[in-house]
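S.K.: Provided herewith is a single structure, encoded as structure tokens, for subsequent inquiry.
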Amino acid sequence: MKIVYIHGYGGSSSGDTAKGLKTPAERIFGDGAYVALDYPQTTALESYNSLLGQLQEIVDTGDDVTLIASSLGGFWGLYFSRYFQIPLVSINPSLQPWKSLKKYGCKNVNDYRVFGLEVIRDGVQRVTIFGSDDDVVPSYYSRKCYEGKALIIDLPMGHRLDPRYYDLVAEQVKNMDDVVAFGLGG
């Protein structure tokens with residue numbers, strides 16, 4: 001089993017969330033089961049190419065793979081969970097980065113539209129976590145996309161994953177089969 005974390009805009013594989021998720025993920029799935037990816041964030045195409053290459057290598061090992069992704073990483077997480085047909089736990093996903101990244105002065109934000117996500121109808125297992133106090137990415141559109149297609153969990157936190165929920169995220173990965181059992185996968 002491989003647990004793969006995709007960070008958000010401005011994040012990295014050495015950020016607090018990336019490091020914080022490692023301990024509970026490896027406690028549950030074993031040493032070496034967790035990997036956090038880095039990717040260039042200069043253009044959508046560079047991000048896509050980098051993530052595609054890294055994820056393809058991981059998927060090609062034959063291990064079961066589950067993605068954990070936050071914010072802009074949630075956009076890529078949804079895209080690649082569909083592409084590879086692998087489960088996803090997303091945290092405050094930014095499913096319209098062409099809107100949410102503008103306020104940060106990002107250039108070429110409209111390039112993300114090329115990877116736009118139509119209605120989810122693929123049956124892939126998903127859990128989506130929303131922070132009730134998220135002031136970075138409004139959850140309206142993401143909720144609409146995931147409604148009836150994912151197990152949705154609301155937590156009292158802001159945009160960044162609160163450290164007290166690292167274990168909860170790892171447990172959601174462990175219990176991913178239950179999402180399909182409740183008929184929420186597709």
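Each chain of the structure tokens is named A, B, ... in the order shown, its residues numbered from 1; ligands are numbered from 1 in display order.
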Go through stretch 17-132 of chain A residue by residue and, counting only C-alpha atoms, keep those with an atom at most 8 Å from stretch 169-173 of chain A; for each kept residue give the shortest atom pair and its distance in Å to one decimal, ordered by chain and increasing number, as a Markdown table.
M.R.:
```
| residue | atom | partner | partner_atom | distance |
| --- | --- | --- | --- | --- |
| A:Leu21 | CA | A:Ala170 | CA | 7.2 |
| A:Pro24 | CA | A:Ala170 | CA | 6.0 |
| A:Ala25 | CA | A:Ala170 | CA | 5.3 |
| A:Ile28 | CA | A:Ala170 | CA | 7.5 |
| A:Thr66 | CA | A:Val173 | CA | 7.1 |
| A:Val89 | CA | A:Val173 | CA | 7.0 |
| A:Val127 | CA | A:Gln172 | CA | 7.3 |
```
S.K.: Give me, as a PyMOL selection string, all polymer residues having an atom no more than 9 Å from A:Asn110, counting only C-alpha atoms and skipping those fewer than 2 positions away in the same chain.
M.R.: chain A and resi 44+97-99+107-108+112-114
S.K.: Let me see the file: selected residues, N, CA, C and O atoms, as an mmCIF file, in the first residue's frame.
M.R.:
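So the final result, stored in again-v9.cif, reads:
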```
data_model
loop_
_atom_site.group_PDB
_atom_site.id
_atom_site.type_symbol
_atom_site.label_atom_id
_atom_site.label_comp_id
_atom_site.auth_asym_id
_atom_site.auth_seq_id
_atom_site.Cartn_x
_atom_site.Cartn_y
_atom_site.Cartn_z
ATOM 1 N N ALA A 44 0.215 25.303 -14.889
ATOM 2 C CA ALA A 44 -0.608 24.101 -14.724
ATOM 3 C C ALA A 44 -0.007 22.926 -15.488
ATOM 4 O O ALA A 44 0.011 21.793 -14.993
ATOM 5 N N PRO A 97 -9.238 26.349 -9.426
ATOM 6 C CA PRO A 97 -8.055 27.163 -9.105
ATOM 7 C C PRO A 97 -7.946 28.427 -9.933
ATOM 8 O O PRO A 97 -7.300 29.386 -9.507
ATOM 9 N N TRP A 98 -8.585 28.467 -11.086
ATOM 10 C CA TRP A 98 -8.563 29.688 -11.887
ATOM 11 C C TRP A 98 -9.260 30.829 -11.145
ATOM 12 O O TRP A 98 -9.030 31.982 -11.449
ATOM 13 N N LYS A 99 -10.084 30.488 -10.155
ATOM 14 C CA LYS A 99 -10.719 31.515 -9.316
ATOM 15 C C LYS A 99 -9.945 31.708 -8.008
ATOM 16 O O LYS A 99 -9.635 32.834 -7.625
ATOM 17 N N LYS A 107 0.108 33.748 -11.936
ATOM 18 C CA LYS A 107 -0.016 33.993 -13.372
ATOM 19 C C LYS A 107 -0.541 32.738 -14.049
ATOM 20 O O LYS A 107 -0.377 31.630 -13.542
ATOM 21 N N ASN A 108 -1.134 32.908 -15.176
ATOM 22 C CA ASN A 108 -1.614 31.796 -16.003
ATOM 23 C C ASN A 108 -2.650 30.921 -15.299
ATOM 24 O O ASN A 108 -2.736 29.724 -15.575
ATOM 25 N N TYR A 112 -5.490 26.285 -15.847
ATOM 26 C CA TYR A 112 -6.071 25.160 -15.113
ATOM 27 C C TYR A 112 -7.401 24.715 -15.718
ATOM 28 O O TYR A 112 -7.816 23.580 -15.529
ATOM 29 N N ARG A 113 -8.058 25.595 -16.444
ATOM 30 C CA ARG A 113 -9.346 25.247 -17.055
ATOM 31 C C ARG A 113 -9.222 24.077 -18.026
ATOM 32 O O ARG A 113 -10.166 23.322 -18.221
ATOM 33 N N VAL A 114 -8.052 23.916 -18.634
ATOM 34 C CA VAL A 114 -7.815 22.799 -19.557
ATOM 35 C C VAL A 114 -8.056 21.464 -18.850
ATOM 36 O O VAL A 114 -8.501 20.499 -19.454
#
```
S.K.: As an exercise, work out the distance from atom CA of A:Ser81 to atom CA of A:Leu67 in Å and give it to one decimal place.
M.R.: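 We find that atom CA of A:Ser81 and atom CA of A:Leu67 lie 7.3 Å from each other.
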S.K.: Write out as a count of residues only which residues come within 9 Å of A:Trp76 when counting only C-alpha atoms, dropping same-chain ones fewer than 2 positions away.
M.R.: 14
S.K.: Which residue gives the smallest distance to A:Gln41 among A:Gly131, A:Gly8, A:Pro93, A:Gly53, with only C-alpha atoms counted?
M.R.: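 For A:Gln41, the nearest of the given residues is A:Gly8.
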